[in-house]
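Student: File follows, data.pdb with PDB, C-alpha atoms and all ligand atoms:
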MODEL        1
ATOM      1  CA  MET E1183       0.000   0.000   0.000
ATOM      2  CA  ALA E1184       2.927   2.366   0.590
ATOM      3  CA  SER E1185       3.500   3.121  -3.078
ATOM      4  CA  ALA E1186      -0.095   4.285  -3.518
ATOM      5  CA  GLU E1187      -0.372   6.436  -0.402
ATOM      6  CA  ARG E1188       0.816   9.760  -1.758
ATOM      7  CA  ARG E1189      -0.893   9.719  -5.101
ATOM      8  CA  PRO E1190      -3.198  12.613  -5.998
ATOM      9  CA  PRO E1191      -6.918  12.214  -5.315
ATOM     10  CA  LEU E1192      -8.887  10.343  -7.921
ATOM     11  CA  VAL E1193     -11.506  12.356  -9.779
ATOM     12  CA  PRO E1194     -13.792   9.769 -11.397
ATOM     13  CA  GLU E1195     -15.419  10.827 -14.650
ATOM     14  CA  VAL E1196     -18.663   9.127 -13.570
ATOM     15  CA  PRO E1197     -20.859   9.685 -10.503
ATOM     16  CA  CYS E1198     -20.131   6.657  -8.303
ATOM     17  CA  ILE E1199     -22.561   4.418  -6.481
ATOM     18  CA  ASP E1200     -20.884   2.540  -3.632
ATOM     19  CA  MET E1201     -22.730  -0.706  -2.899
ATOM     20  CA  HIS E1202     -20.837  -1.764   0.222
ATOM     21  CA  VAL E1203     -20.658   0.599   3.193
ATOM     22  CA  HIS E1204     -20.876  -0.336   6.884
ATOM     23  CA  LEU E1205     -22.745   1.762   9.418
ATOM     24  CA  HIS E1206     -23.654   0.476  12.854
ATOM     25  CA  PRO E1207     -25.531   1.685  15.926
ATOM     26  CA  GLU E1208     -23.090   3.283  18.363
ATOM     27  CA  TRP E1209     -23.013   0.341  20.813
ATOM     28  CA  LEU E1210     -22.374  -2.154  18.034
ATOM     29  CA  ALA E1211     -19.774   0.051  16.334
ATOM     30  CA  ARG E1212     -17.764   0.177  19.594
ATOM     31  CA  ALA E1213     -17.908  -3.616  19.917
ATOM     32  CA  ILE E1214     -16.805  -4.091  16.320
ATOM     33  CA  GLU E1215     -13.956  -1.616  16.746
ATOM     34  CA  ARG E1216     -12.747  -3.555  19.787
ATOM     35  CA  TRP E1217     -12.929  -6.820  17.866
ATOM     36  CA  PHE E1218     -10.943  -5.427  14.950
ATOM     37  CA  ALA E1219      -8.385  -3.822  17.270
ATOM     38  CA  GLU E1220      -7.774  -7.204  18.894
ATOM     39  CA  ALA E1221      -7.351  -8.661  15.418
ATOM     40  CA  GLN E1222      -4.654  -5.993  14.804
ATOM     41  CA  TRP E1223      -6.764  -4.326  12.130
ATOM     42  CA  VAL E1224      -6.051  -0.620  11.824
ATOM     43  CA  ASN E1225      -9.344   1.103  11.165
ATOM     44  CA  ALA E1226      -8.452   4.430   9.599
ATOM     45  CA  HIS E1227     -11.930   5.975   9.468
ATOM     46  CA  PRO E1228     -14.656   6.699  12.045
ATOM     47  CA  PHE E1229     -17.996   4.852  11.948
ATOM     48  CA  ASP E1230     -19.982   8.042  12.554
ATOM     49  CA  PRO E1231     -22.724   8.022   9.882
ATOM     50  CA  ASP E1232     -22.518  11.740   9.118
ATOM     51  CA  ALA E1233     -18.735  11.629   8.774
ATOM     52  CA  VAL E1234     -19.043   8.616   6.455
ATOM     53  CA  ALA E1235     -21.695  10.328   4.324
ATOM     54  CA  ASP E1236     -19.597  13.514   4.115
ATOM     55  CA  THR E1237     -16.476  11.618   3.084
ATOM     56  CA  LEU E1238     -18.344   9.711   0.384
ATOM     57  CA  ALA E1239     -19.999  12.860  -0.965
ATOM     58  CA  GLY E1240     -16.583  14.525  -1.077
ATOM     59  CA  ARG E1241     -15.287  11.632  -3.195
ATOM     60  CA  GLY E1242     -17.995  11.979  -5.822
ATOM     61  CA  VAL E1243     -20.181   9.149  -4.504
ATOM     62  CA  ARG E1244     -23.748  10.038  -5.402
ATOM     63  CA  ARG E1245     -25.434   7.092  -3.702
ATOM     64  CA  PHE E1246     -24.356   4.410  -1.289
ATOM     65  CA  CYS E1247     -25.822   1.230   0.088
ATOM     66  CA  PHE E1248     -25.142   0.473   3.763
ATOM     67  CA  PHE E1249     -25.807  -2.204   6.319
ATOM     68  CA  SER E1250     -24.995  -3.638   9.728
ATOM     69  CA  TYR E1251     -25.496  -7.171  10.999
ATOM     70  CA  ALA E1252     -27.055  -9.166  13.789
ATOM     71  CA  HIS E1253     -24.348 -11.556  14.967
ATOM     72  CA  ARG E1254     -26.810 -13.318  17.249
ATOM     73  CA  ALA E1255     -30.545 -13.927  17.502
ATOM     74  CA  GLY E1256     -32.724 -11.340  19.202
ATOM     75  CA  MET E1257     -31.046  -8.121  18.086
ATOM     76  CA  ALA E1258     -32.158  -7.670  14.475
ATOM     77  CA  ARG E1259     -35.282  -5.639  15.209
ATOM     78  CA  GLU E1260     -33.373  -2.971  17.122
ATOM     79  CA  VAL E1261     -30.632  -2.794  14.485
ATOM     80  CA  ASN E1262     -33.193  -2.558  11.673
ATOM     81  CA  ARG E1263     -34.929   0.366  13.364
ATOM     82  CA  TRP E1264     -31.622   2.163  13.660
ATOM     83  CA  LEU E1265     -30.784   1.461  10.005
ATOM     84  CA  ALA E1266     -34.130   2.844   8.845
ATOM     85  CA  ALA E1267     -33.807   5.959  11.013
ATOM     86  CA  THR E1268     -30.281   6.557   9.744
ATOM     87  CA  ALA E1269     -31.315   6.132   6.094
ATOM     88  CA  ALA E1270     -34.116   8.624   6.665
ATOM     89  CA  ARG E1271     -31.523  11.251   7.651
ATOM     90  CA  LEU E1272     -29.201  10.552   4.735
ATOM     91  CA  PRO E1273     -31.007  11.070   1.409
ATOM     92  CA  GLN E1274     -28.170   9.563  -0.644
ATOM     93  CA  ALA E1275     -28.195   6.317   1.384
ATOM     94  CA  VAL E1276     -30.001   3.033   0.754
ATOM     95  CA  ALA E1277     -30.244   0.768   3.812
ATOM     96  CA  LEU E1278     -30.365  -3.013   3.899
ATOM     97  CA  GLY E1279     -31.688  -4.695   7.038
ATOM     98  CA  THR E1280     -30.473  -7.703   8.958
ATOM     99  CA  LEU E1281     -31.903 -10.798  10.563
ATOM    100  CA  HIS E1282     -30.520 -13.959  12.128
ATOM    101  CA  ALA E1283     -31.614 -17.487  11.227
ATOM    102  CA  GLY E1284     -32.097 -18.100  14.956
ATOM    103  CA  ASP E1285     -34.648 -15.300  15.308
ATOM    104  CA  GLY E1286     -38.242 -16.346  15.926
ATOM    105  CA  ALA E1287     -41.020 -15.296  13.539
ATOM    106  CA  LEU E1288     -38.494 -14.657  10.794
ATOM    107  CA  ASP E1289     -41.021 -13.834   8.127
ATOM    108  CA  ALA E1290     -42.703 -11.256  10.361
ATOM    109  CA  LEU E1291     -39.290  -9.716  11.012
ATOM    110  CA  ALA E1292     -38.634  -9.485   7.269
ATOM    111  CA  ARG E1293     -42.099  -8.063   6.640
ATOM    112  CA  GLU E1294     -41.504  -5.388   9.264
ATOM    113  CA  ALA E1295     -38.092  -4.568   7.777
ATOM    114  CA  PHE E1296     -39.482  -4.095   4.276
ATOM    115  CA  GLU E1297     -42.972  -2.746   4.785
ATOM    116  CA  ASP E1298     -42.887  -0.844   8.072
ATOM    117  CA  LEU E1299     -39.285   0.318   8.002
ATOM    118  CA  GLY E1300     -38.881   0.667   4.235
ATOM    119  CA  LEU E1301     -35.552  -1.176   4.071
ATOM    120  CA  ALA E1302     -34.501  -2.096   0.536
ATOM    121  CA  GLY E1303     -33.486  -5.664   1.341
ATOM    122  CA  LEU E1304     -31.200  -7.645   3.621
ATOM    123  CA  LYS E1305     -27.505  -8.131   4.134
ATOM    124  CA  LEU E1306     -26.346 -11.476   5.466
ATOM    125  CA  HIS E1307     -22.775 -12.139   6.547
ATOM    126  CA  LEU E1308     -22.739 -15.894   6.810
ATOM    127  CA  SER E1309     -19.317 -16.132   8.503
ATOM    128  CA  VAL E1310     -20.096 -13.597  11.231
ATOM    129  CA  GLN E1311     -23.680 -14.766  11.705
ATOM    130  CA  ARG E1312     -22.731 -18.448  11.557
ATOM    131  CA  PHE E1313     -25.567 -20.053   9.667
ATOM    132  CA  HIS E1314     -25.835 -21.498   6.177
ATOM    133  CA  VAL E1315     -27.131 -19.413   3.301
ATOM    134  CA  ASP E1316     -29.502 -22.236   2.311
ATOM    135  CA  ASP E1317     -30.736 -22.827   5.871
ATOM    136  CA  PRO E1318     -34.419 -23.866   5.462
ATOM    137  CA  ARG E1319     -35.409 -21.523   8.316
ATOM    138  CA  LEU E1320     -34.673 -18.695   5.874
ATOM    139  CA  PHE E1321     -36.847 -20.016   3.042
ATOM    140  CA  PRO E1322     -39.951 -17.945   3.945
ATOM    141  CA  VAL E1323     -37.724 -14.865   4.021
ATOM    142  CA  TYR E1324     -36.258 -15.645   0.612
ATOM    143  CA  GLU E1325     -39.765 -16.209  -0.748
ATOM    144  CA  ARG E1326     -40.722 -12.755   0.452
ATOM    145  CA  VAL E1327     -37.531 -11.175  -0.888
ATOM    146  CA  GLU E1328     -38.100 -12.799  -4.273
ATOM    147  CA  ALA E1329     -41.799 -11.971  -4.451
ATOM    148  CA  THR E1330     -41.315  -8.321  -3.502
ATOM    149  CA  GLY E1331     -38.174  -7.720  -5.574
ATOM    150  CA  ARG E1332     -36.126  -6.766  -2.521
ATOM    151  CA  LEU E1333     -32.324  -7.059  -2.560
ATOM    152  CA  LEU E1334     -29.885  -9.412  -0.900
ATOM    153  CA  MET E1335     -26.261  -8.608  -0.195
ATOM    154  CA  LEU E1336     -24.497 -11.822   0.762
ATOM    155  CA  HIS E1337     -21.047 -12.294   2.216
ATOM    156  CA  VAL E1338     -20.975 -15.953   1.234
ATOM    157  CA  GLY E1339     -17.552 -16.173  -0.411
ATOM    158  CA  THR E1340     -14.370 -17.418   1.230
ATOM    159  CA  LEU E1341     -12.492 -14.082   1.357
ATOM    160  CA  PRO E1342     -10.830 -13.476   3.777
ATOM    161  CA  TYR E1343     -11.204 -17.050   5.089
ATOM    162  CA  ARG E1344     -13.116 -20.215   4.382
ATOM    163  CA  ASP E1345     -15.426 -21.708   6.982
ATOM    164  CA  ALA E1346     -18.419 -24.022   7.107
ATOM    165  CA  TYR E1347     -20.793 -21.186   6.166
ATOM    166  CA  THR E1348     -19.125 -19.888   3.031
ATOM    167  CA  GLY E1349     -18.478 -21.208  -0.442
ATOM    168  CA  VAL E1350     -20.186 -21.429  -3.780
ATOM    169  CA  ALA E1351     -21.839 -24.823  -3.207
ATOM    170  CA  GLY E1352     -24.401 -23.592  -0.667
ATOM    171  CA  PHE E1353     -25.001 -20.458  -2.686
ATOM    172  CA  ARG E1354     -25.673 -22.508  -5.811
ATOM    173  CA  ARG E1355     -28.287 -24.528  -3.902
ATOM    174  CA  LEU E1356     -29.948 -21.280  -2.805
ATOM    175  CA  MET E1357     -30.111 -19.913  -6.343
ATOM    176  CA  ASP E1358     -31.412 -23.189  -7.762
ATOM    177  CA  ARG E1359     -34.280 -22.941  -5.304
ATOM    178  CA  PHE E1360     -34.913 -19.181  -5.663
ATOM    179  CA  PRO E1361     -33.669 -18.323  -9.168
ATOM    180  CA  ARG E1362     -35.309 -14.899  -9.356
ATOM    181  CA  LEU E1363     -33.549 -13.488  -6.289
ATOM    182  CA  ARG E1364     -31.846 -10.131  -6.800
ATOM    183  CA  VAL E1365     -28.492 -10.831  -5.177
ATOM    184  CA  CYS E1366     -25.156  -9.149  -4.886
ATOM    185  CA  VAL E1367     -22.364 -11.468  -3.752
ATOM    186  CA  ALA E1368     -19.813  -9.410  -1.826
ATOM    187  CA  HIS E1369     -16.084  -9.424  -2.571
ATOM    188  CA  MET E1370     -16.615 -10.807  -6.107
ATOM    189  CA  GLY E1371     -17.236 -14.191  -4.539
ATOM    190  CA  CYS E1372     -13.529 -14.503  -3.853
ATOM    191  CA  PHE E1373     -11.744 -16.828  -3.586
ATOM    192  CA  GLU E1374     -14.135 -18.662  -5.884
ATOM    193  CA  HIS E1375     -14.804 -15.748  -8.173
ATOM    194  CA  GLU E1376     -14.810 -17.840 -11.347
ATOM    195  CA  ALA E1377     -17.551 -20.122 -10.062
ATOM    196  CA  PHE E1378     -19.658 -17.232  -8.725
ATOM    197  CA  LEU E1379     -19.257 -15.217 -11.924
ATOM    198  CA  ALA E1380     -20.213 -18.226 -14.041
ATOM    199  CA  LEU E1381     -23.519 -18.316 -12.152
ATOM    200  CA  THR E1382     -24.362 -14.837 -13.455
ATOM    201  CA  GLU E1383     -24.873 -16.500 -16.827
ATOM    202  CA  ARG E1384     -27.672 -18.627 -15.340
ATOM    203  CA  PHE E1385     -29.301 -16.113 -12.999
ATOM    204  CA  GLU E1386     -30.619 -12.900 -14.408
ATOM    205  CA  HIS E1387     -30.474 -10.767 -11.258
ATOM    206  CA  LEU E1388     -27.149 -11.948  -9.853
ATOM    207  CA  TYR E1389     -24.295  -9.475  -9.345
ATOM    208  CA  VAL E1390     -20.984  -9.343  -7.483
ATOM    209  CA  ASP E1391     -19.292  -6.386  -5.815
ATOM    210  CA  THR E1392     -15.630  -5.430  -6.076
ATOM    211  CA  THR E1393     -15.092  -4.816  -2.356
ATOM    212  CA  MET E1394     -11.522  -5.605  -1.276
ATOM    213  CA  ALA E1395     -11.178  -8.059  -4.162
ATOM    214  CA  LEU E1396      -9.360  -5.837  -6.662
ATOM    215  CA  ALA E1397      -7.496  -3.183  -4.695
ATOM    216  CA  PRO E1398      -3.781  -3.944  -4.395
ATOM    217  CA  SER E1399      -3.886  -2.153  -1.010
ATOM    218  CA  ALA E1400      -6.448  -4.689   0.231
ATOM    219  CA  ALA E1401      -4.532  -7.763  -0.846
ATOM    220  CA  PRO E1402      -2.234  -8.083   2.185
ATOM    221  CA  TYR E1403      -5.189  -7.727   4.570
ATOM    222  CA  VAL E1404      -7.500 -10.278   2.997
ATOM    223  CA  GLY E1405      -4.993 -12.724   1.586
ATOM    224  CA  ALA E1406      -5.927 -11.988  -2.016
ATOM    225  CA  GLU E1407      -3.493 -12.230  -4.857
ATOM    226  CA  PRO E1408      -3.113  -8.733  -6.360
ATOM    227  CA  GLY E1409      -4.164  -8.971  -9.968
ATOM    228  CA  GLY E1410      -5.680 -12.410  -9.400
ATOM    229  CA  ILE E1411      -8.791 -11.290 -11.262
ATOM    230  CA  THR E1412      -7.853 -10.452 -14.839
ATOM    231  CA  ASP E1413      -8.950  -7.546 -17.023
ATOM    232  CA  ALA E1414     -10.486 -10.104 -19.390
ATOM    233  CA  THR E1415     -12.705 -11.357 -16.541
ATOM    234  CA  LEU E1416     -13.806  -7.816 -15.686
ATOM    235  CA  GLU E1417     -14.632  -7.154 -19.331
ATOM    236  CA  ARG E1418     -16.486 -10.401 -19.755
ATOM    237  CA  TYR E1419     -18.730  -9.790 -16.725
ATOM    238  CA  GLN E1420     -18.866  -6.000 -17.033
ATOM    239  CA  ASP E1421     -22.678  -5.935 -16.760
ATOM    240  CA  ARG E1422     -22.733  -7.796 -13.418
ATOM    241  CA  ILE E1423     -20.022  -6.109 -11.410
ATOM    242  CA  LEU E1424     -20.822  -3.395  -8.850
ATOM    243  CA  PHE E1425     -18.341  -1.129  -7.131
ATOM    244  CA  GLY E1426     -18.123  -1.524  -3.359
ATOM    245  CA  SER E1427     -15.575  -0.197  -0.863
ATOM    246  CA  ASP E1428     -16.134  -1.627   2.666
ATOM    247  CA  PHE E1429     -15.789   1.964   3.865
ATOM    248  CA  PRO E1430     -15.200   2.961   6.652
ATOM    249  CA  LEU E1431     -13.726  -0.406   7.619
ATOM    250  CA  ILE E1432     -10.666  -0.115   5.399
ATOM    251  CA  PRO E1433      -7.175   0.525   6.712
ATOM    252  CA  TYR E1434      -6.272   2.858   3.823
ATOM    253  CA  ASP E1435      -7.626   5.792   1.873
ATOM    254  CA  TYR E1436     -10.984   5.471   0.095
ATOM    255  CA  ASP E1437      -9.441   5.996  -3.332
ATOM    256  CA  GLU E1438      -7.376   2.829  -2.964
ATOM    257  CA  GLU E1439     -10.598   0.820  -3.226
ATOM    258  CA  ARG E1440     -11.297   2.115  -6.731
ATOM    259  CA  ARG E1441      -8.006   3.250  -8.241
ATOM    260  CA  TRP E1442      -7.440  -0.214  -9.763
ATOM    261  CA  ALA E1443     -10.092   0.568 -12.399
ATOM    262  CA  TRP E1444      -8.075   3.530 -13.676
ATOM    263  CA  ASP E1445      -4.663   1.921 -13.171
ATOM    264  CA  ARG E1446      -5.790  -1.079 -15.208
ATOM    265  CA  GLY E1447      -6.967   1.217 -17.979
ATOM    266  CA  LEU E1448     -10.433  -0.274 -18.277
ATOM    267  CA  LEU E1449     -12.490   1.287 -21.056
ATOM    268  CA  PRO E1450     -14.486   4.304 -19.827
ATOM    269  CA  GLU E1451     -17.765   2.589 -20.704
ATOM    270  CA  VAL E1452     -16.787  -0.440 -18.605
ATOM    271  CA  ARG E1453     -15.913   1.809 -15.668
ATOM    272  CA  ARG E1454     -19.222   3.593 -16.089
ATOM    273  CA  LYS E1455     -21.105   0.310 -15.783
ATOM    274  CA  ILE E1456     -19.128  -0.915 -12.759
ATOM    275  CA  PHE E1457     -19.182   2.383 -10.867
ATOM    276  CA  HIS E1458     -22.672   3.518 -11.723
ATOM    277  CA  ASP E1459     -25.003   1.996 -14.291
ATOM    278  CA  ASN E1460     -25.100  -1.577 -12.992
ATOM    279  CA  ALA E1461     -25.798  -0.429  -9.434
ATOM    280  CA  ALA E1462     -28.499   1.984 -10.589
ATOM    281  CA  ARG E1463     -30.212  -0.964 -12.303
ATOM    282  CA  PHE E1464     -29.703  -3.298  -9.318
ATOM    283  CA  LEU E1465     -31.078  -0.712  -6.890
ATOM    284  CA  GLY E1466     -33.948   0.115  -9.221
ATOM    285  CA  LEU E1467     -33.019   3.807  -9.371
ATOM    286  CA  ALA E1468     -34.470   5.875 -12.176
ATOM    287  CA  ALA E1469     -31.724   7.113 -14.518
ATOM    288  CA  ALA E1470     -32.080  10.723 -13.362
ATOM    289  CA  ASP E1471     -32.290   9.705  -9.710
ATOM    290  CA  GLY E1472     -29.208   7.500  -9.797
ATOM    291  CA  GLY E1473     -27.086   9.621 -12.024
TER     292      GLY E1473
HETATM  293 ZN    ZN G   1     -18.047  -5.516   4.203
ENDMDL
END
Go through the file and emit its structure as structure tokens.
Tutor:
Amino acid sequence: MASAERRPPLVPEVPCIDMHVHLHPEWLARAIERWFAEAQWVNAHPFDPDAVADTLAGRGVRRFCFFSYAHRAGMAREVNRWLAATAARLPQAVALGTLHAGDGALDALAREAFEDLGLAGLKLHLSVQRFHVDDPRLFPVYERVEATGRLLMLHVGTLPYRDAYTGVAGFRRLMDRFPRLRVCVAHMGCFEHEAFLALTERFEHLYVDTTMALAPSAAPYVGAEPGGITDATLERYQDRILFGSDFPLIPYDYDEERRWAWDRGLLPEVRRKIFHDNAARFLGLAAADGG
């Protein structure tokens, strides 16, 4: 990361939509900061929602999608209320809710998240939440998500580590059962990006995000191979890739999460799709609204 630190700020030629931002209620943010500090992770940016929104606006990010997570049963309702209240204060933000497979009355929880709180969908982090993506307890929720056209953001890939809850096999079973789901797989599905990307050819509403999967600065932190995803792959799947940053949970400057697209010399129209158009379509934003 040292070589990139002093480079001039990036001025993208397109308005960006950032699909992967973390905001948490104060009490949860403190707990997460402690956890990351113990894991020797240097968090360079505050979790304060207004500071995050200001930073993103200053970097030319027109819209961003944010989420938190319930790492245990019984806390999703409170977190969802906070997410909805925070989104209401930040007009450029789209909030995804959370729930835990161990929660009771899961479908009622999802209904409340979507209809009463107006959340755009759900984020599940299978490694942190420790359940399987194709856990049958979640089927009524997926039915509702599919029927109402809500969104799913899934951390179901093996970056930065593999465990029993991640991997393409379980995800494939989910999509075979609910093929119309509108899903974004975080981190490009790394380290199985080829298998996840291949699934976009079978499932019409399946996307991946770039978060920490392409930035050379991220590689040492997540164990990725810098340049492991080729330009040819990005070009081939250019209609299904969404920019995401993991801000503010990155131990380097925001620009490092997107500079790869300029350093690699992707065609401007490919950058436009990855940084804006694909996300506007995924989020269902009108052209004028999203751009
Ligand atoms: Zn993340």
Student: Give me the chain E side of the contact with ligand ZN 1 (chain G), cut-off 12 Å, one line per residue showing its nearest atom pair and distance in Å at one decimal, counting all atoms listed in the file, sorted by chain and residue number, as a Markdown table.
Tutor:
| residue | atom | partner | partner_atom | distance |
| --- | --- | --- | --- | --- |
| E:Asp1200 | CA | G:ZN1 | ZN | 11.6 |
| E:Met1201 | CA | G:ZN1 | ZN | 9.8 |
| E:His1202 | CA | G:ZN1 | ZN | 6.1 |
| E:Val1203 | CA | G:ZN1 | ZN | 6.7 |
| E:His1204 | CA | G:ZN1 | ZN | 6.5 |
| E:Leu1205 | CA | G:ZN1 | ZN | 10.1 |
| E:His1206 | CA | G:ZN1 | ZN | 11.9 |
| E:Cys1247 | CA | G:ZN1 | ZN | 11.1 |
| E:Phe1248 | CA | G:ZN1 | ZN | 9.3 |
| E:Phe1249 | CA | G:ZN1 | ZN | 8.7 |
| E:Ser1250 | CA | G:ZN1 | ZN | 9.1 |
| E:Tyr1251 | CA | G:ZN1 | ZN | 10.2 |
| E:Lys1305 | CA | G:ZN1 | ZN | 9.8 |
| E:Leu1306 | CA | G:ZN1 | ZN | 10.3 |
| E:His1307 | CA | G:ZN1 | ZN | 8.5 |
| E:Leu1308 | CA | G:ZN1 | ZN | 11.7 |
| E:Ser1309 | CA | G:ZN1 | ZN | 11.5 |
| E:Val1310 | CA | G:ZN1 | ZN | 10.9 |
| E:Met1335 | CA | G:ZN1 | ZN | 9.8 |
| E:Leu1336 | CA | G:ZN1 | ZN | 9.7 |
| E:His1337 | CA | G:ZN1 | ZN | 7.7 |
| E:Val1338 | CA | G:ZN1 | ZN | 11.2 |
| E:Gly1339 | CA | G:ZN1 | ZN | 11.6 |
| E:Leu1341 | CA | G:ZN1 | ZN | 10.6 |
| E:Pro1342 | CA | G:ZN1 | ZN | 10.8 |
| E:Val1367 | CA | G:ZN1 | ZN | 10.8 |
| E:Ala1368 | CA | G:ZN1 | ZN | 7.4 |
| E:His1369 | CA | G:ZN1 | ZN | 8.1 |
| E:Met1370 | CA | G:ZN1 | ZN | 11.7 |
| E:Asp1391 | CA | G:ZN1 | ZN | 10.1 |
| E:Thr1392 | CA | G:ZN1 | ZN | 10.6 |
| E:Thr1393 | CA | G:ZN1 | ZN | 7.2 |
| E:Met1394 | CA | G:ZN1 | ZN | 8.5 |
| E:Ala1395 | CA | G:ZN1 | ZN | 11.1 |
| E:Val1404 | CA | G:ZN1 | ZN | 11.6 |
| E:Gly1426 | CA | G:ZN1 | ZN | 8.6 |
| E:Ser1427 | CA | G:ZN1 | ZN | 7.8 |
| E:Asp1428 | CA | G:ZN1 | ZN | 4.6 |
| E:Phe1429 | CA | G:ZN1 | ZN | 7.8 |
| E:Pro1430 | CA | G:ZN1 | ZN | 9.3 |
| E:Leu1431 | CA | G:ZN1 | ZN | 7.5 |
| E:Ile1432 | CA | G:ZN1 | ZN | 9.2 |
Student: Between E:Gly1240, E:Arg1422, E:Leu1320, E:Glu1438, single out the one closest to Ile1456 (chain E), counting only C-alpha atoms.
Tutor: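 Ranked by minimum distance to Ile1456 (chain E), first place goes to E:Arg1422.
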Student: Selection in question (the file shown): the PyMOL selection byres (((chain E and resi 1412) around 12) and not hetatm). Which residues does it include, as a list in words?
Tutor: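 Selected by the PyMOL selection byres (((chain E and resi 1412) around 12) and not hetatm) here: His1375, Glu1376, Ala1395, Leu1396, Glu1407, Pro1408, Gly1409, Gly1410, Ile1411, Asp1413, Ala1414, Thr1415, Leu1416, Glu1417, Arg1418, Tyr1419, Trp1442, Ala1443, Arg1446 and Leu1448 of chain E.
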Student: Might you spell out which residues the PyMOL selection byres (((chain E and resi 1272) around 12) and not hetatm) would select in the displayed file, as a PyMOL selection string?
Tutor: chain E and resi 1205+1231-1236+1238-1239+1244-1248+1265-1271+1273-1277
Student: Quick one: which residues end up in the PyMOL selection byres (((chain E and resi 1284) around 10) and not hetatm) for this structure, as a ChimeraX atom specification?
Tutor: /E:1254-1256,1281-1283,1285-1288,1311-1313,1319-1320
Student: Between E:Gly1279, E:Pro1197, E:Pro1207, E:Pro1228, which has the minimum distance to Val1243 (chain E) (counting all atoms listed in the file)?
Tutor: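 Of E:Gly1279, E:Pro1197, E:Pro1207, E:Pro1228, the one nearest Val1243 (chain E) is E:Pro1197, counting all atoms listed in the file.
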Student: Using Å and a single decimal, report how far CA of Phe1457 (chain E) sits from CA of Phe1296 (chain E).
Tutor: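 Calculated distance between CA of Phe1296 (chain E) and CA of Phe1457 (chain E) is 26.1 Å.
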Student: Quick test: take region 1206-1218 of chain E, keep C-alpha atoms, and write it as a short mmCIF file (atom, residue, chain, number, x, y, z; two decimals), in the first residue's frame.
Tutor:
data_model
loop_
_atom_site.label_atom_id
_atom_site.label_comp_id
_atom_site.auth_asym_id
_atom_site.auth_seq_id
_atom_site.Cartn_x
_atom_site.Cartn_y
_atom_site.Cartn_z
CA HIS E 1206 -23.65 0.48 12.85
CA PRO E 1207 -25.53 1.69 15.93
CA GLU E 1208 -23.09 3.28 18.36
CA TRP E 1209 -23.01 0.34 20.81
CA LEU E 1210 -22.37 -2.15 18.03
CA ALA E 1211 -19.77 0.05 16.33
CA ARG E 1212 -17.76 0.18 19.59
CA ALA E 1213 -17.91 -3.62 19.92
CA ILE E 1214 -16.81 -4.09 16.32
CA GLU E 1215 -13.96 -1.62 16.75
CA ARG E 1216 -12.75 -3.56 19.79
CA TRP E 1217 -12.93 -6.82 17.87
CA PHE E 1218 -10.94 -5.43 14.95
#
